Every structure is written in C-alpha cells, then in structure tokens.
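First up is the structure itself, then whatever we jot down about it.
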Amino acid sequence: MKCFLIASVLVATCVHVQAQEKMKPEDTEFWEPVPKKVTVEGENKVPSDAIVLFDGSSLDAWVSSKDKSAAPWTVEDGIFTVKPGSGGIETKQKFEDYQLHVEWRSPLVIKGEGQGRGNSGIFMQGLYEVQVLDTYNNKTYVNGQAASIYKQHVPLVGVVREQGEWHSYDIIWTAPRFNQDGSVKEKARITVIHNGVLVQNNVELDGTTEYIGLPKYEAHGAGPISLQDHGNPVSFRNIWIRPL
C-alpha cells in the first residue's frame with residue numbers, strides 16, 4: 001500500500017509538471033474586466049470615486065440623530081466641532097460596506113480624565129463604535145481607548161498624540177449579513193489604520209456596541225455614519241467614504 005501511494009504521488013507530480021511545461025504565459029493572463037481608474041486629488045488627497053461627507057464648508061450631508069433636523073454642531077475654519085449637549089449627528093445617506101476616512105482632534109483645553117476626556121465615537125451603520133478619545137497621559141480601560149472597537153477589541157498598539165494634534169482613521173468596514181429568519185449569517189468585520197499604523201486587523205465583531213452588557217446582533221440593513229456627542233468639544237475634518 002505504501003509503495004502504491006508513493007507511486008500515485010509521483011505520477012500526479014509528473015502530470016502536473018508536464019501540464020506546466022505545456023502552458024504559455026498568456027494562459028494565466030486576464031485582460032477583462034479592466035479596473036476603473038481612480039485618482040487621488042487635492043490637498044486632502046480624496047479619491048476621485050469617494051463621496052465627500054465634509055468638505056470644510058457645511059454639514060449639509062448630516063442631520064441630528066435625535067430628530068433628523070439640521071446638524072447642530074459648529075462649523076468654523078474648515079472644521080466642525082461637537083456642540084456638547086446637542087446630541088449626535090449622522091449622515092443622511094446610508095451605507096453598507098465601505099472605506100471611510102475621518103480626521104479628528106481632541107479639545108485643546110484638557111478637562112476630565114479617563115472616558116471623560118476628549119470622548120466621541122464613530123459608529124459604523126450607526127451601531128458599531130470605533131472609539132475617539134484623548135489618551136495622551138490619560139489612563140482608561142484598554143478596550144475603551146482611542147481606536148478600540150468599543151468594549152470589544154483592544155487596538156494592537158496605542159498611537160498617541162498630544163492634545164491639539166490631528167488624528168486620522170482609515171476604516172475598512174464589512175457589514176454583517178443576516179439570514180431570512182434574522183439569525184447571523186456573517187459577522188461584521190473591521191480594519192482600522194490610526195495615523196498610518198494598523199491597529200485593528202480585520203477583526204470580527206460580536207455585535208453592536210453596548211455600554212452595559214454584552215454585544216448582540218439584531219438583523220438590519222444599511223445604516224448611517226454616526227458621530228457621538230459625549231459632552232466634549234471634539235473636532236472633525238476631511239471626511240469621505242468609498243462604498244464597496
């Protein structure tokens with residue numbers, strides 16, 4: 001039996017080698033479909049196929065998360081800032097899978113500590129939070145620090161900058177899929193690059209972001225990008241998205 005198996009492997013190997021020798025380079029070349037050409041334009045380096053969610057001038061692409069009225073946050077000098085107590089905002093448009101770019105800055109004046117300092121959040125589909133927090137010399141629970149998937153995934157490394165310096169998040173989001181009966185077919189997945197450093201590597205989410213209790217899934221479709229009002233005047237700029 002052993003000799004038979006060895007002989008079979010040798011025959012299969014010879015057949016494979018002979019097939020390789022008969023092939024031409026063009027036998028493994030694909031010419032169609034040709035990928036669409038995308039350029040990266042302007043000072044903010046926005047891809048030409050991106051949807052600009054904030055261009056520095058207005059919050060026309062956003063509404064209040066509370067009542068869908070005009071977004072109440074403050075726009076000035078090409079940035080917008082959380083208006084504490086006014087509630088979160090969200091995009092008018094809904095999305096499923098995408099590449100998202102967001103730049104944010106913690107308040108210049110240091111107030112509070114832990115989760116009370118420079119806290120906001122970016123919610124995928126309005127339900128799953130990537131944490132925004134001033135973590136410069138500010139101790140907190142590690143699954144709640146900047147670039148964590150809040151209460152679920154600790155970032156691989158902490159990319160820290162002082163107050164007043166801008167941060168960037170580049171996020172690749174794959175939405176969860178559900179069966180017809182509402183059960184989970186595929187969990188959500190996310191990759192996060194913080195200031196050019198990979199901090200979340202295609203991690204799987206166990207459900208929506210919960211402050212108290214365990215994450216859970218409930219069937220849903222496309223949803224908005226939401227920004228959190230946590231009572232701190234965090235600022236944002238240069239936000240764009242590429243639906244995938």
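Ordered as shown in the structure tokens, chains take letters A, B, and onward, while each chain numbers its residues from 1 and ligands are numbered from 1 in the order shown.
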
Could you name the residues that touch A:Asn138 at 12 Å or less, counting only C-alpha atoms, but leaving out those on the same chain fewer than 5 positions away, as a short mmCIF file (atom, residue, chain, number, x, y, z; two decimals) with C-alpha atoms, in the first residue's frame?
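Ended up saving to around14.cif:
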data_model
loop_
_atom_site.label_atom_id
_atom_site.label_comp_id
_atom_site.auth_asym_id
_atom_site.auth_seq_id
_atom_site.Cartn_x
_atom_site.Cartn_y
_atom_site.Cartn_z
CA ILE A 110 -7.56 69.46 28.90
CA LYS A 111 -10.60 68.68 31.02
CA GLY A 112 -11.59 65.49 32.78
CA GLU A 113 -9.86 62.14 32.86
CA GLY A 114 -10.42 58.60 31.65
CA GLN A 115 -13.54 58.36 29.48
CA GLY A 116 -14.39 61.96 30.36
CA ARG A 117 -11.54 63.47 28.34
CA GLY A 118 -11.93 64.21 24.63
CA ASN A 119 -14.51 61.47 24.15
CA LEU A 133 -10.65 59.59 22.97
CA GLY A 144 -12.21 51.83 25.57
CA GLN A 145 -9.08 53.71 24.47
CA ALA A 146 -8.70 55.53 21.16
CA GLY A 158 -1.76 52.75 21.04
CA VAL A 160 -0.82 58.60 20.87
CA ARG A 161 -0.61 62.29 20.00
CA GLU A 162 -0.76 65.33 22.24
CA GLN A 163 -3.86 67.47 22.64
#

DSSP-assigned strand (DSSP E) members of stretch 15-121 of chain A, reported as number ranges by chain: A: 40-41, 46-47, 51-54, 62-64, 74-76, 79-81, 89-91, 98-105, 120-121

Selection export as a PDB file, in the first residue's frame, atoms kept: N, CA and C atoms:
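Output below, filename again_16.pdb:
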ATOM      1  N   VAL A  40      -6.206  60.340  -6.951  1.00  0.00           N
ATOM      2  CA  VAL A  40      -6.256  60.938  -5.623  1.00  0.00           C
ATOM      3  C   VAL A  40      -5.938  62.410  -5.785  1.00  0.00           C
ATOM      4  N   GLU A  41      -6.898  63.246  -5.419  1.00  0.00           N
ATOM      5  CA  GLU A  41      -6.841  64.646  -5.806  1.00  0.00           C
ATOM      6  C   GLU A  41      -6.820  65.587  -4.607  1.00  0.00           C
ATOM      7  N   VAL A  46      -8.278  63.177  -1.572  1.00  0.00           N
ATOM      8  CA  VAL A  46      -9.552  62.457  -1.630  1.00  0.00           C
ATOM      9  C   VAL A  46      -9.624  61.655  -2.929  1.00  0.00           C
ATOM     10  N   PRO A  47      -9.901  60.343  -2.872  1.00  0.00           N
ATOM     11  CA  PRO A  47     -10.051  59.552  -4.093  1.00  0.00           C
ATOM     12  C   PRO A  47     -11.179  60.100  -4.959  1.00  0.00           C
ATOM     13  N   ILE A  51     -17.299  59.719  -1.884  1.00  0.00           N
ATOM     14  CA  ILE A  51     -18.366  60.647  -1.524  1.00  0.00           C
ATOM     15  C   ILE A  51     -17.829  61.510  -0.386  1.00  0.00           C
ATOM     16  N   VAL A  52     -17.755  62.813  -0.595  1.00  0.00           N
ATOM     17  CA  VAL A  52     -17.242  63.716   0.432  1.00  0.00           C
ATOM     18  C   VAL A  52     -18.360  64.007   1.427  1.00  0.00           C
ATOM     19  N   LEU A  53     -18.129  63.657   2.691  1.00  0.00           N
ATOM     20  CA  LEU A  53     -19.136  63.856   3.737  1.00  0.00           C
ATOM     21  C   LEU A  53     -18.928  65.158   4.494  1.00  0.00           C
ATOM     22  N   PHE A  54     -17.712  65.707   4.420  1.00  0.00           N
ATOM     23  CA  PHE A  54     -17.465  67.049   4.951  1.00  0.00           C
ATOM     24  C   PHE A  54     -16.303  67.648   4.191  1.00  0.00           C
ATOM     25  N   TRP A  62     -25.235  65.897   6.756  1.00  0.00           N
ATOM     26  CA  TRP A  62     -25.509  65.341   8.076  1.00  0.00           C
ATOM     27  C   TRP A  62     -26.814  65.875   8.662  1.00  0.00           C
ATOM     28  N   VAL A  63     -27.377  65.120   9.593  1.00  0.00           N
ATOM     29  CA  VAL A  63     -28.567  65.556  10.328  1.00  0.00           C
ATOM     30  C   VAL A  63     -28.397  65.185  11.800  1.00  0.00           C
ATOM     31  N   SER A  64     -29.231  65.760  12.632  1.00  0.00           N
ATOM     32  CA  SER A  64     -29.276  65.387  14.045  1.00  0.00           C
ATOM     33  C   SER A  64     -29.760  63.945  14.174  1.00  0.00           C
ATOM     34  N   THR A  74     -20.947  72.924  15.379  1.00  0.00           N
ATOM     35  CA  THR A  74     -20.362  74.194  14.935  1.00  0.00           C
ATOM     36  C   THR A  74     -19.352  73.978  13.811  1.00  0.00           C
ATOM     37  N   VAL A  75     -19.514  74.736  12.730  1.00  0.00           N
ATOM     38  CA  VAL A  75     -18.583  74.692  11.598  1.00  0.00           C
ATOM     39  C   VAL A  75     -17.811  76.007  11.544  1.00  0.00           C
ATOM     40  N   GLU A  76     -16.475  75.913  11.538  1.00  0.00           N
ATOM     41  CA  GLU A  76     -15.647  77.120  11.513  1.00  0.00           C
ATOM     42  C   GLU A  76     -14.241  76.769  11.048  1.00  0.00           C
ATOM     43  N   ILE A  79     -13.344  73.154   9.804  1.00  0.00           N
ATOM     44  CA  ILE A  79     -13.551  72.004  10.681  1.00  0.00           C
ATOM     45  C   ILE A  79     -14.936  72.116  11.319  1.00  0.00           C
ATOM     46  N   PHE A  80     -15.412  71.027  11.900  1.00  0.00           N
ATOM     47  CA  PHE A  80     -16.632  71.132  12.702  1.00  0.00           C
ATOM     48  C   PHE A  80     -16.394  70.476  14.049  1.00  0.00           C
ATOM     49  N   THR A  81     -17.129  70.953  15.038  1.00  0.00           N
ATOM     50  CA  THR A  81     -16.880  70.589  16.425  1.00  0.00           C
ATOM     51  C   THR A  81     -18.176  70.201  17.116  1.00  0.00           C
ATOM     52  N   ILE A  89     -24.752  63.346  15.619  1.00  0.00           N
ATOM     53  CA  ILE A  89     -25.185  63.599  14.243  1.00  0.00           C
ATOM     54  C   ILE A  89     -24.917  62.357  13.406  1.00  0.00           C
ATOM     55  N   GLU A  90     -25.575  62.280  12.263  1.00  0.00           N
ATOM     56  CA  GLU A  90     -25.393  61.135  11.373  1.00  0.00           C
ATOM     57  C   GLU A  90     -25.574  61.561   9.927  1.00  0.00           C
ATOM     58  N   THR A  91     -25.026  60.767   9.029  1.00  0.00           N
ATOM     59  CA  THR A  91     -25.147  61.088   7.606  1.00  0.00           C
ATOM     60  C   THR A  91     -26.577  60.861   7.126  1.00  0.00           C
ATOM     61  N   TYR A  98     -17.732  49.623   3.104  1.00  0.00           N
ATOM     62  CA  TYR A  98     -17.077  50.842   2.640  1.00  0.00           C
ATOM     63  C   TYR A  98     -15.663  51.010   3.185  1.00  0.00           C
ATOM     64  N   GLN A  99     -14.970  51.972   2.586  1.00  0.00           N
ATOM     65  CA  GLN A  99     -13.727  52.535   3.115  1.00  0.00           C
ATOM     66  C   GLN A  99     -14.065  53.937   3.597  1.00  0.00           C
ATOM     67  N   LEU A 100     -13.726  54.231   4.852  1.00  0.00           N
ATOM     68  CA  LEU A 100     -14.066  55.517   5.454  1.00  0.00           C
ATOM     69  C   LEU A 100     -12.798  56.202   5.964  1.00  0.00           C
ATOM     70  N   HIS A 101     -12.681  57.497   5.670  1.00  0.00           N
ATOM     71  CA  HIS A 101     -11.574  58.301   6.185  1.00  0.00           C
ATOM     72  C   HIS A 101     -12.142  59.413   7.054  1.00  0.00           C
ATOM     73  N   VAL A 102     -11.627  59.528   8.274  1.00  0.00           N
ATOM     74  CA  VAL A 102     -12.061  60.561   9.223  1.00  0.00           C
ATOM     75  C   VAL A 102     -10.828  61.137   9.914  1.00  0.00           C
ATOM     76  N   GLU A 103     -10.783  62.451  10.038  1.00  0.00           N
ATOM     77  CA  GLU A 103      -9.734  63.091  10.834  1.00  0.00           C
ATOM     78  C   GLU A 103     -10.380  63.783  12.024  1.00  0.00           C
ATOM     79  N   TRP A 104      -9.758  63.631  13.207  1.00  0.00           N
ATOM     80  CA  TRP A 104     -10.346  64.187  14.432  1.00  0.00           C
ATOM     81  C   TRP A 104      -9.255  64.765  15.334  1.00  0.00           C
ATOM     82  N   ARG A 105      -9.681  65.650  16.223  1.00  0.00           N
ATOM     83  CA  ARG A 105      -8.760  66.325  17.143  1.00  0.00           C
ATOM     84  C   ARG A 105      -9.422  66.458  18.503  1.00  0.00           C
ATOM     85  N   SER A 120     -15.491  60.974  22.013  1.00  0.00           N
ATOM     86  CA  SER A 120     -16.534  60.936  20.996  1.00  0.00           C
ATOM     87  C   SER A 120     -16.498  59.524  20.427  1.00  0.00           C
ATOM     88  N   GLY A 121     -17.126  59.314  19.315  1.00  0.00           N
ATOM     89  CA  GLY A 121     -17.098  57.990  18.710  1.00  0.00           C
ATOM     90  C   GLY A 121     -17.606  58.044  17.293  1.00  0.00           C
TER      91      GLY A 121
END

Env of A:Val197: 12 Å cut, atoms = only C-alpha atoms, seq-sep filter 2 positions within chain, self excluded. Answer as a VMD selection string. chain A and resid 147 155 to 160 167 to 171 191 to 195 199 to 201

Suppose we keep C-alpha atoms; can you now write the selection as a PDB file, in the first residue's frame?
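Writing done, so here's part-v4.pdb:
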ATOM      1  CA  ALA A 147      -9.072  53.221  18.117  1.00  0.00           C
ATOM      2  CA  PRO A 155      -6.028  48.163  19.392  1.00  0.00           C
ATOM      3  CA  LEU A 156      -2.839  46.300  18.516  1.00  0.00           C
ATOM      4  CA  VAL A 157      -0.859  49.376  19.578  1.00  0.00           C
ATOM      5  CA  GLY A 158      -1.765  52.754  21.035  1.00  0.00           C
ATOM      6  CA  VAL A 159      -0.994  55.573  18.598  1.00  0.00           C
ATOM      7  CA  VAL A 160      -0.823  58.595  20.867  1.00  0.00           C
ATOM      8  CA  HIS A 167      -5.518  62.099  14.162  1.00  0.00           C
ATOM      9  CA  SER A 168      -6.651  60.112  11.144  1.00  0.00           C
ATOM     10  CA  TYR A 169      -8.663  56.924  10.970  1.00  0.00           C
ATOM     11  CA  ASP A 170      -8.859  54.873   7.797  1.00  0.00           C
ATOM     12  CA  ILE A 171     -11.515  52.226   8.272  1.00  0.00           C
ATOM     13  CA  THR A 191      -9.827  47.060   9.806  1.00  0.00           C
ATOM     14  CA  VAL A 192      -8.618  50.350  11.315  1.00  0.00           C
ATOM     15  CA  ILE A 193      -5.454  52.275  10.456  1.00  0.00           C
ATOM     16  CA  HIS A 194      -4.710  55.008  13.010  1.00  0.00           C
ATOM     17  CA  ASN A 195      -2.323  57.724  11.831  1.00  0.00           C
ATOM     18  CA  VAL A 199      -4.388  48.885  14.895  1.00  0.00           C
ATOM     19  CA  GLN A 200      -7.359  46.611  14.074  1.00  0.00           C
ATOM     20  CA  ASN A 201      -6.590  43.821  11.608  1.00  0.00           C
TER      21      ASN A 201
END

If you run DSSP on this backbone, which residues of stretch 17-149 of chain A come out as helix (DSSP H, G or I), and could you give them as a PDB file with C-alpha atoms, in the first residue's frame?
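part31.pdb written:
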ATOM      1  CA  VAL A  17       4.936  19.174 -14.298  1.00  0.00           C
ATOM      2  CA  GLN A  18       4.042  18.147 -17.851  1.00  0.00           C
ATOM      3  CA  ALA A  19       0.939  20.372 -17.780  1.00  0.00           C
ATOM      4  CA  GLN A  20       3.042  23.304 -16.533  1.00  0.00           C
ATOM      5  CA  GLU A  21       5.577  22.758 -19.304  1.00  0.00           C
ATOM      6  CA  LYS A  22       2.852  22.822 -21.974  1.00  0.00           C
ATOM      7  CA  PRO A  25       2.478  32.733 -20.091  1.00  0.00           C
ATOM      8  CA  GLU A  26      -0.714  34.067 -21.683  1.00  0.00           C
ATOM      9  CA  ASP A  27      -2.687  31.050 -20.450  1.00  0.00           C
ATOM     10  CA  THR A  28      -2.807  32.632 -16.983  1.00  0.00           C
ATOM     11  CA  GLY A 114     -10.420  58.603  31.649  1.00  0.00           C
ATOM     12  CA  GLN A 115     -13.536  58.359  29.483  1.00  0.00           C
ATOM     13  CA  GLY A 116     -14.392  61.963  30.358  1.00  0.00           C
ATOM     14  CA  VAL A 142      -7.876  49.409  27.155  1.00  0.00           C
ATOM     15  CA  ASN A 143     -10.955  48.256  25.246  1.00  0.00           C
ATOM     16  CA  GLY A 144     -12.207  51.833  25.570  1.00  0.00           C
TER      17      GLY A 144
END

With only C-alpha atoms as the atoms that count, which of A:Thr39, A:Ser69, A:Ser235, A:Asn202 lies nearest to A:Lys92? A:Ser69

Would you pick out the contacts of A:Gly231 at 8 Å or less, using only C-alpha atoms, so that residues sharing its chain but fewer than 4 positions from it are not included, and give the list as a PDB file with C-alpha atoms, in the first residue's frame?
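Wrote it out as out_18.pdb, contents follow:
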ATOM      1  CA  VAL A  82     -19.232  68.753  18.760  1.00  0.00           C
ATOM      2  CA  LYS A  83     -21.709  71.115  20.399  1.00  0.00           C
ATOM      3  CA  PRO A  84     -21.956  69.471  23.835  1.00  0.00           C
ATOM      4  CA  GLY A  85     -25.483  68.633  24.866  1.00  0.00           C
ATOM      5  CA  ASN A 119     -14.512  61.474  24.154  1.00  0.00           C
TER       6      ASN A 119
END
